[in-house]
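The data block below is data-v4.txt; it holds compact mmCIF, C-alpha atoms.
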# COMPACT_ATOMS: atom_id res chain seq x y z
CA MET H 1 84.52 89.18 121.64
CA ASP H 2 85.71 89.34 118.06
CA ALA H 3 83.25 90.66 115.52
CA THR H 4 83.07 89.92 111.82
CA PRO H 5 82.82 92.77 109.31
CA ARG H 6 79.35 93.90 108.29
CA GLU H 7 78.22 95.40 104.99
CA SER H 8 77.89 98.86 106.61
CA VAL H 9 81.51 98.87 107.78
CA ASN H 10 83.82 101.28 105.97
CA ALA H 11 86.12 98.59 104.58
CA ASP H 12 87.14 96.97 101.31
CA ARG H 13 86.87 93.18 101.52
CA GLY H 14 89.42 92.74 98.75
CA GLU H 15 91.98 94.82 100.67
CA ILE H 16 91.31 92.90 103.89
CA ASP H 17 91.75 89.55 102.17
CA LYS H 18 94.91 90.72 100.39
CA PHE H 19 96.66 91.65 103.61
CA GLY H 20 95.28 88.68 105.51
CA ALA H 21 96.82 86.32 102.95
CA SER H 22 100.29 87.65 103.74
CA ALA H 23 99.94 87.67 107.53
CA GLN H 24 102.33 84.76 108.13
CA ARG H 25 105.16 86.86 106.67
CA PHE H 26 104.38 90.02 108.63
CA TRP H 27 107.24 89.81 111.13
CA ASP H 28 109.90 88.94 108.54
CA PRO H 29 112.02 92.14 108.36
CA GLN H 30 113.41 91.02 104.99
CA GLY H 31 110.03 90.21 103.46
CA GLU H 32 107.26 92.20 101.83
CA PHE H 33 106.58 94.15 105.04
CA ARG H 34 110.20 95.30 105.19
CA PRO H 35 109.29 98.99 104.60
CA LEU H 36 106.95 98.93 107.62
CA HIS H 37 109.74 97.55 109.80
CA ASP H 38 112.05 100.33 108.62
CA LEU H 39 109.47 103.10 109.05
CA ASN H 40 108.07 101.99 112.40
CA PRO H 41 110.72 103.56 114.68
CA VAL H 42 110.19 106.98 113.07
CA ARG H 43 106.41 106.72 113.29
CA ALA H 44 106.61 105.67 116.93
CA GLN H 45 108.96 108.58 117.66
CA PHE H 46 106.53 111.02 115.99
CA VAL H 47 103.78 109.82 118.33
CA ARG H 48 105.94 109.73 121.48
CA GLU H 49 107.15 113.30 120.99
CA ARG H 50 103.64 114.73 120.65
CA THR H 51 101.52 113.03 123.28
CA ARG H 52 101.67 111.23 126.62
CA LEU H 53 101.71 107.47 126.21
CA ALA H 54 102.45 106.17 129.71
CA GLY H 55 99.13 105.47 131.40
CA SER H 56 97.10 106.45 128.34
CA ARG H 57 94.39 104.34 126.74
CA ILE H 58 95.59 103.82 123.16
CA LEU H 59 93.91 102.36 120.09
CA ASP H 60 95.83 101.27 116.98
CA VAL H 61 93.38 101.03 114.06
CA GLY H 62 94.38 98.76 111.20
CA CYS H 63 97.10 97.34 113.43
CA GLY H 64 98.15 94.52 111.11
CA GLY H 65 100.56 92.19 112.88
CA GLY H 66 101.24 94.67 115.67
CA LEU H 67 104.43 96.57 114.84
CA LEU H 68 103.29 99.97 116.12
CA ALA H 69 101.02 98.54 118.83
CA GLU H 70 104.00 96.79 120.42
CA ALA H 71 106.08 99.98 120.36
CA LEU H 72 103.25 101.90 122.03
CA ALA H 73 102.82 99.22 124.68
CA GLN H 74 106.55 99.28 125.41
CA ALA H 75 106.22 103.04 125.97
CA GLY H 76 103.77 102.39 128.81
CA GLY H 77 100.40 102.69 127.12
CA THR H 78 97.38 100.47 127.64
CA VAL H 79 97.01 99.39 124.03
CA SER H 80 94.20 97.87 121.97
CA GLY H 81 94.78 96.90 118.36
CA ILE H 82 92.00 96.28 115.84
CA ASP H 83 92.06 94.89 112.33
CA LEU H 84 89.45 93.27 110.10
CA ALA H 85 91.87 90.59 108.87
CA PRO H 86 91.59 87.69 111.36
CA GLU H 87 94.89 86.27 110.11
CA MET H 88 96.69 89.49 111.07
CA ILE H 89 95.16 89.55 114.53
CA ALA H 90 96.20 85.93 115.11
CA ILE H 91 99.80 86.82 114.21
CA ALA H 92 99.71 89.94 116.37
CA ARG H 93 98.42 88.01 119.39
CA ALA H 94 101.05 85.30 119.01
CA HIS H 95 103.93 87.77 118.67
CA ALA H 96 102.80 89.89 121.62
CA SER H 97 102.52 86.76 123.73
CA GLU H 98 106.07 85.76 122.82
CA ARG H 99 107.27 89.22 123.86
CA GLY H 100 105.29 89.23 127.11
CA LEU H 101 103.19 92.23 126.05
CA ALA H 102 99.59 92.63 127.22
CA ILE H 103 97.88 94.07 124.12
CA ASP H 104 94.14 93.68 123.54
CA TYR H 105 93.86 92.61 119.89
CA ARG H 106 90.42 92.26 118.32
CA VAL H 107 88.82 91.61 114.95
CA VAL H 108 86.34 94.45 115.08
CA ALA H 109 85.45 97.53 113.07
CA ALA H 110 86.25 100.98 114.45
CA GLU H 111 82.58 101.88 114.00
CA ALA H 112 81.62 99.32 116.68
CA LEU H 113 83.78 100.76 119.47
CA GLU H 114 82.77 103.01 122.36
CA PRO H 115 82.81 106.76 121.56
CA GLY H 116 85.17 108.94 123.58
CA ALA H 117 87.01 105.99 125.08
CA TYR H 118 90.59 106.63 123.95
CA ASP H 119 93.29 109.15 124.82
CA VAL H 120 95.40 108.37 121.75
CA ILE H 121 94.50 106.74 118.42
CA THR H 122 96.92 105.74 115.67
CA CYS H 123 95.96 104.82 112.13
CA MET H 124 98.99 104.13 109.95
CA GLU H 125 98.86 103.32 106.24
CA MET H 126 95.17 102.46 106.36
CA LEU H 127 93.19 105.47 105.12
CA GLU H 128 94.27 104.88 101.53
CA HIS H 129 92.80 101.37 101.71
CA VAL H 130 89.23 102.22 102.80
CA PRO H 131 86.34 103.26 100.53
CA ASP H 132 85.51 106.47 102.43
CA PRO H 133 88.53 107.98 104.23
CA ALA H 134 86.61 111.10 105.29
CA ALA H 135 84.05 108.95 107.09
CA MET H 136 86.85 106.97 108.73
CA ILE H 137 88.40 110.16 110.11
CA ALA H 138 85.00 111.13 111.52
CA THR H 139 84.72 107.69 113.14
CA LEU H 140 88.17 107.98 114.71
CA ALA H 141 87.35 111.47 115.99
CA ARG H 142 84.27 110.11 117.76
CA LEU H 143 86.38 107.47 119.50
CA LEU H 144 88.71 110.09 121.01
CA ARG H 145 88.05 111.76 124.32
CA PRO H 146 87.95 115.58 124.12
CA GLY H 147 91.55 116.76 123.94
CA GLY H 148 92.71 113.34 122.69
CA ASP H 149 95.28 112.89 119.94
CA LEU H 150 94.97 111.13 116.59
CA PHE H 151 98.00 110.17 114.50
CA ILE H 152 97.68 109.21 110.83
CA SER H 153 100.15 108.23 108.15
CA THR H 154 99.21 107.98 104.51
CA LEU H 155 100.39 108.74 100.97
CA HIS H 156 100.06 111.99 99.03
CA ARG H 157 98.22 111.83 95.69
CA SER H 158 101.13 113.36 93.81
CA ALA H 159 103.34 112.45 90.88
CA ARG H 160 106.28 111.84 93.24
CA ALA H 161 104.21 109.43 95.32
CA PHE H 162 103.05 107.58 92.21
CA PHE H 163 106.61 106.97 91.05
CA SER H 164 108.04 106.30 94.53
CA ALA H 165 105.30 104.21 96.15
CA ILE H 166 104.01 102.36 93.10
CA VAL H 167 106.46 102.37 90.18
CA ALA H 168 109.66 102.10 92.25
CA ALA H 169 108.42 100.18 95.31
CA GLU H 170 106.13 97.69 93.54
CA TYR H 171 107.67 97.27 90.06
CA VAL H 172 111.33 98.29 90.09
CA LEU H 173 112.65 97.47 93.57
CA ARG H 174 109.86 94.95 94.32
CA LEU H 175 109.70 96.00 97.94
CA LEU H 176 105.92 95.52 97.90
CA PRO H 177 103.66 93.13 95.99
CA ARG H 178 102.20 94.61 92.82
CA GLY H 179 98.77 96.04 93.48
CA THR H 180 99.49 96.99 97.10
CA HIS H 181 98.49 100.59 96.40
CA GLN H 182 95.93 102.28 94.16
CA PHE H 183 97.01 105.80 93.22
CA GLU H 184 93.49 107.22 93.06
CA ARG H 185 93.09 106.39 96.76
CA PHE H 186 96.10 108.43 97.86
CA ILE H 187 95.16 111.49 99.95
CA ARG H 188 96.39 115.06 99.64
CA PRO H 189 97.28 116.79 102.95
CA SER H 190 94.74 119.51 102.13
CA GLU H 191 92.01 116.85 101.86
CA LEU H 192 93.05 115.27 105.14
CA ALA H 193 93.01 118.67 106.84
CA ARG H 194 89.55 119.51 105.46
CA TRP H 195 88.05 116.17 106.55
CA SER H 196 89.68 116.53 109.96
CA ARG H 197 88.24 119.99 110.58
CA ALA H 198 84.79 118.74 109.55
CA ALA H 199 85.15 115.98 112.17
CA GLY H 200 85.99 118.44 114.97
CA LEU H 201 89.74 117.90 114.84
CA THR H 202 92.48 120.49 114.68
CA VAL H 203 95.67 119.88 112.71
CA CYS H 204 98.65 120.16 115.06
CA ALA H 205 101.42 119.02 112.71
CA ILE H 206 102.07 117.45 109.32
CA ALA H 207 105.51 116.00 108.58
CA GLY H 208 106.95 114.30 105.55
CA LEU H 209 108.38 110.82 105.96
CA SER H 210 111.40 110.13 103.76
CA TYR H 211 112.48 106.54 103.16
CA ASP H 212 115.70 105.23 101.61
CA PRO H 213 114.96 101.58 100.74
CA LEU H 214 118.55 100.80 99.82
CA GLY H 215 119.99 102.17 103.05
CA ARG H 216 116.90 101.03 104.97
CA SER H 217 116.69 104.38 106.73
CA ALA H 218 113.78 106.73 107.38
CA ARG H 219 113.53 110.27 108.70
CA LEU H 220 111.03 113.06 109.19
CA THR H 221 111.17 115.98 106.76
CA ARG H 222 109.24 119.12 105.90
CA ASP H 223 108.23 117.66 102.54
CA PRO H 224 104.93 115.70 102.60
CA SER H 225 104.89 115.06 98.85
CA VAL H 226 105.18 111.24 99.15
CA ASN H 227 104.51 109.70 102.56
CA TYR H 228 103.46 111.89 105.46
CA LEU H 229 102.38 111.83 109.09
CA ALA H 230 99.68 113.99 110.66
CA HIS H 231 98.99 114.83 114.30
CA LEU H 232 95.38 115.79 114.91
CA ARG H 233 93.61 116.67 118.16
CA ARG H 234 89.96 116.51 119.12
CA LEU H 235 88.87 119.91 120.28
CA ALA H 236 87.86 120.09 123.92
CA PRO H 237 84.47 121.70 124.68
CA ALA H 238 84.67 125.40 125.38
CA ALA H 239 84.58 126.26 129.07
CA VAL H 240 81.32 127.72 130.34
CA PRO H 241 81.93 131.24 131.74
Translate the structure described by the file into C-alpha cells.
Amino acid sequence: MDATPRESVNADRGEIDKFGASAQRFWDPQGEFRPLHDLNPVRAQFVRERTRLAGSRILDVGCGGGLLAEALAQAGGTVSGIDLAPEMIAIARAHASERGLAIDYRVVAAEALEPGAYDVITCMEMLEHVPDPAAMIATLARLLRPGGDLFISTLHRSARAFFSAIVAAEYVLRLLPRGTHQFERFIRPSELARWSRAAGLTVCAIAGLSYDPLGRSARLTRDPSVNYLAHLRRLAPAAVP
C-alpha cells in the first residue's frame, strides 16, 4: 500500500512538489529531463559491471519516472522503485506497464521499508535534494543485506560543479529549470565516504561522470569534480572462529 510522507521522513516537501509538477514530461528525451536520459546508460553500466543483477532483489530510491528502474529490470532484477512524488510514481507505473515490465512502484519513504531486505540499492541524483544526506545513507545501509551493494550518484560541492551544473545547465544552456539544484547541498566525495563508513559501508569505487550536453554523450572518468558515482558495500559480519 502506498504511504504518504510523514514529518519525520528525511525529505524536503518543496523538492518533492517541484519534481512532481514536472512528472508528465519525464519520458520526453528532449525535455527538461534530457540529461537523465543521456546519463542513464552509463549509470546502468556502472551498476551492472559491479554487482549481480539477475535474480537479485533491487531497490531504486528516488526512482522518479523509472528510467534506471526499467534498465535494472531489463537486466533480470526483481525491482522495486520508491519516490515520495505520487505524480512520478503514476508515470513510472504507466510506462512500465506499456513496456511489459513488472516493477513494484510505491509512494513510500525509505525509512518505512524492511531492514536487510535488498541485495542492491540505487539512489541516483537524490542525496543532494534531502535535508540530511548522512542520515539517508545510514537508512539505505540498513535496508541492504550484509554484503549487499549500494550505488549513489550525486554532485561535488566544487567550483566546477557550480558552473557546470547550475550556471551552464540551468542559466546558459537551459537544460534544467532554474532552481533545480542548490549548491550548498552538493556533496564532496570525502563527505560521502565518511558518512558511508559511519553507516557500516565500505567504499569500493568512486568514478567521475562526464557529460557533453551538446553531443549528448556521457562517459565515466577518473575526475569526480562535477558529477560522480559511488559503489558502496555493506560489510558482512565477521565469521566466528
What are the nearest atom pairs, with distances in Å to one decimal, for all residues of range 112-187 of chain H that come at most 9 Å from range 17-39 of chain H, using only C-alpha atoms, set out by chain and rising residue number as CSV?
residue,atom,partner,partner_atom,distance
H:Arg174,CA,H:Glu32,CA,8.4
H:Leu175,CA,H:Glu32,CA,6.0
H:Leu176,CA,H:Glu32,CA,5.3
H:Pro177,CA,H:Glu32,CA,6.9
H:Thr180,CA,H:Lys18,CA,8.4
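Using all atoms listed in the file, the smallest distance between any of H:Gln182, H:Ser164, H:Thr78, H:Asn40 and Ser56 in chain H comes from H:Thr78.
Minimum atom-to-atom distance to Ile91 in chain H, evaluated using all atoms listed in the file, belongs to H:Tyr105 out of H:Phe46, H:Tyr105, H:Tyr211, H:Phe183.
CA of Arg178 in chain H to CA of Ile166 in chain H spans 8.0 Å [interatomic distance, one decimal].
With all atoms listed in the file as the atoms that count, the residue of H:Ala198, H:Ala102, H:Ala54, H:Leu67 with the shortest distance to Met136 in chain H is H:Ala198.
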Sorted by chain and rising residue number, list the residues of range 31-67 of chain H at most 12 Å from range 138-145 of chain H (counting all atoms listed in the file), each with its closest atom pair and distance in Å to one decimal, as a tab-separated table.
residue	atom	partner	partner_atom	distance
H:Ser56	CA	H:Arg145	CA	11.2
H:Arg57	CA	H:Leu144	CA	9.9
H:Ile58	CA	H:Leu144	CA	9.6
H:Leu59	CA	H:Leu143	CA	9.1
H:Asp60	CA	H:Leu140	CA	10.4
H:Val61	CA	H:Leu140	CA	8.7
H:Gly62	CA	H:Leu140	CA	11.7
What are the centre and the three edge lengths of an axis-aligned box that wraps all atoms of range 224-237 of chain H in the file, given that 5 Å is added to every side, written as lines of an AutoDock Vina configuration file and rounded to one decimal in Å?
center_x = 94.8
center_y = 115.7
center_z = 111.8
size_x = 30.7
size_y = 22.0
size_z = 35.8
Proximity of range 107-209 of chain H to range 221-240 of chain H: per-residue shortest pair, 9 Å limit, all atoms listed in the file, as a Markdown table:
| residue | atom | partner | partner_atom | distance |
| --- | --- | --- | --- | --- |
| H:Met124 | CA | H:Leu229 | CA | 8.5 |
| H:Ala141 | CA | H:Arg234 | CA | 6.5 |
| H:Arg142 | CA | H:Arg234 | CA | 8.7 |
| H:Leu144 | CA | H:Arg234 | CA | 6.8 |
| H:Arg145 | CA | H:Arg234 | CA | 7.3 |
| H:Pro146 | CA | H:Ala236 | CA | 4.5 |
| H:Gly147 | CA | H:Ala236 | CA | 5.0 |
| H:Gly148 | CA | H:Arg234 | CA | 5.5 |
| H:Asp149 | CA | H:Arg233 | CA | 4.5 |
| H:Leu150 | CA | H:Leu232 | CA | 5.0 |
| H:Phe151 | CA | H:His231 | CA | 4.8 |
| H:Ile152 | CA | H:Ala230 | CA | 5.2 |
| H:Ser153 | CA | H:Leu229 | CA | 4.3 |
| H:Thr154 | CA | H:Tyr228 | CA | 5.9 |
| H:Leu155 | CA | H:Asn227 | CA | 4.5 |
| H:His156 | CA | H:Val226 | CA | 5.2 |
| H:Arg157 | CA | H:Val226 | CA | 7.8 |
| H:Ser158 | CA | H:Ser225 | CA | 6.5 |
| H:Ala159 | CA | H:Ser225 | CA | 8.5 |
| H:Arg160 | CA | H:Val226 | CA | 6.0 |
| H:Ala161 | CA | H:Val226 | CA | 4.3 |
| H:Phe162 | CA | H:Val226 | CA | 8.1 |
| H:Ser164 | CA | H:Val226 | CA | 7.3 |
| H:Ala165 | CA | H:Val226 | CA | 7.6 |
| H:Arg188 | CA | H:Ser225 | CA | 8.5 |
| H:Pro189 | CA | H:Pro224 | CA | 7.7 |
| H:Leu192 | CA | H:Ala230 | CA | 8.7 |
| H:Ala193 | CA | H:Leu232 | CA | 8.9 |
| H:Ser196 | CA | H:Leu232 | CA | 7.6 |
| H:Ala199 | CA | H:Arg234 | CA | 8.5 |
| H:Gly200 | CA | H:Arg234 | CA | 6.1 |
| H:Leu201 | CA | H:Arg234 | CA | 4.5 |
| H:Thr202 | CA | H:Arg233 | CA | 5.3 |
| H:Val203 | CA | H:Leu232 | CA | 4.7 |
| H:Cys204 | CA | H:His231 | CA | 5.4 |
| H:Ala205 | CA | H:His231 | CA | 5.1 |
| H:Ile206 | CA | H:Ala230 | CA | 4.4 |
| H:Ala207 | CA | H:Leu229 | CA | 5.2 |
| H:Gly208 | CA | H:Pro224 | CA | 3.8 |
| H:Leu209 | CA | H:Tyr228 | CA | 5.1 |
Contacts of Gly55 in chain H within 10 Å, all atoms listed in the file, excl. fewer than 3 positions in-chain, as a PDB file with C-alpha atoms, keeping the file's coordinate frame:
ATOM      1  CA  ARG H  52     101.670 111.230 126.620  1.00  0.00           C
ATOM      2  CA  ILE H  58      95.590 103.820 123.160  1.00  0.00           C
ATOM      3  CA  ALA H  73     102.820  99.220 124.680  1.00  0.00           C
ATOM      4  CA  ALA H  75     106.220 103.040 125.970  1.00  0.00           C
ATOM      5  CA  GLY H  76     103.770 102.390 128.810  1.00  0.00           C
ATOM      6  CA  GLY H  77     100.400 102.690 127.120  1.00  0.00           C
ATOM      7  CA  THR H  78      97.380 100.470 127.640  1.00  0.00           C
ATOM      8  CA  VAL H  79      97.010  99.390 124.030  1.00  0.00           C
ATOM      9  CA  ASP H 119      93.290 109.150 124.820  1.00  0.00           C
TER      10      ASP H 119
END
query: CA of Ile187 in chain H and CA of Tyr171 in chain H are how many Å apart?
result: 21.4 Å
- request: Work out how far apart CA of Glu70 in chain H and CA of Ala110 in chain H are and give it in Å to one decimal.
  value: 19.2 Å
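Counting only C-alpha atoms and comparing H:Ala135, H:Ala94, H:Ile82, H:Val9, the residue that lies closest to Val108 in chain H is H:Ile82.
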- prompt: Of the candidates H:Asp212, H:Glu128, H:Asp83, H:Glu170, which shows the shortest atom-to-atom distance to Glu184 in chain H, using only C-alpha atoms?
  reply: H:Glu128
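Checking H:Glu87, H:Asp104, H:Asp12, H:Glu114 one by one against Gly64 in chain H, counting all atoms listed in the file, you find the shortest gap at H:Glu87.
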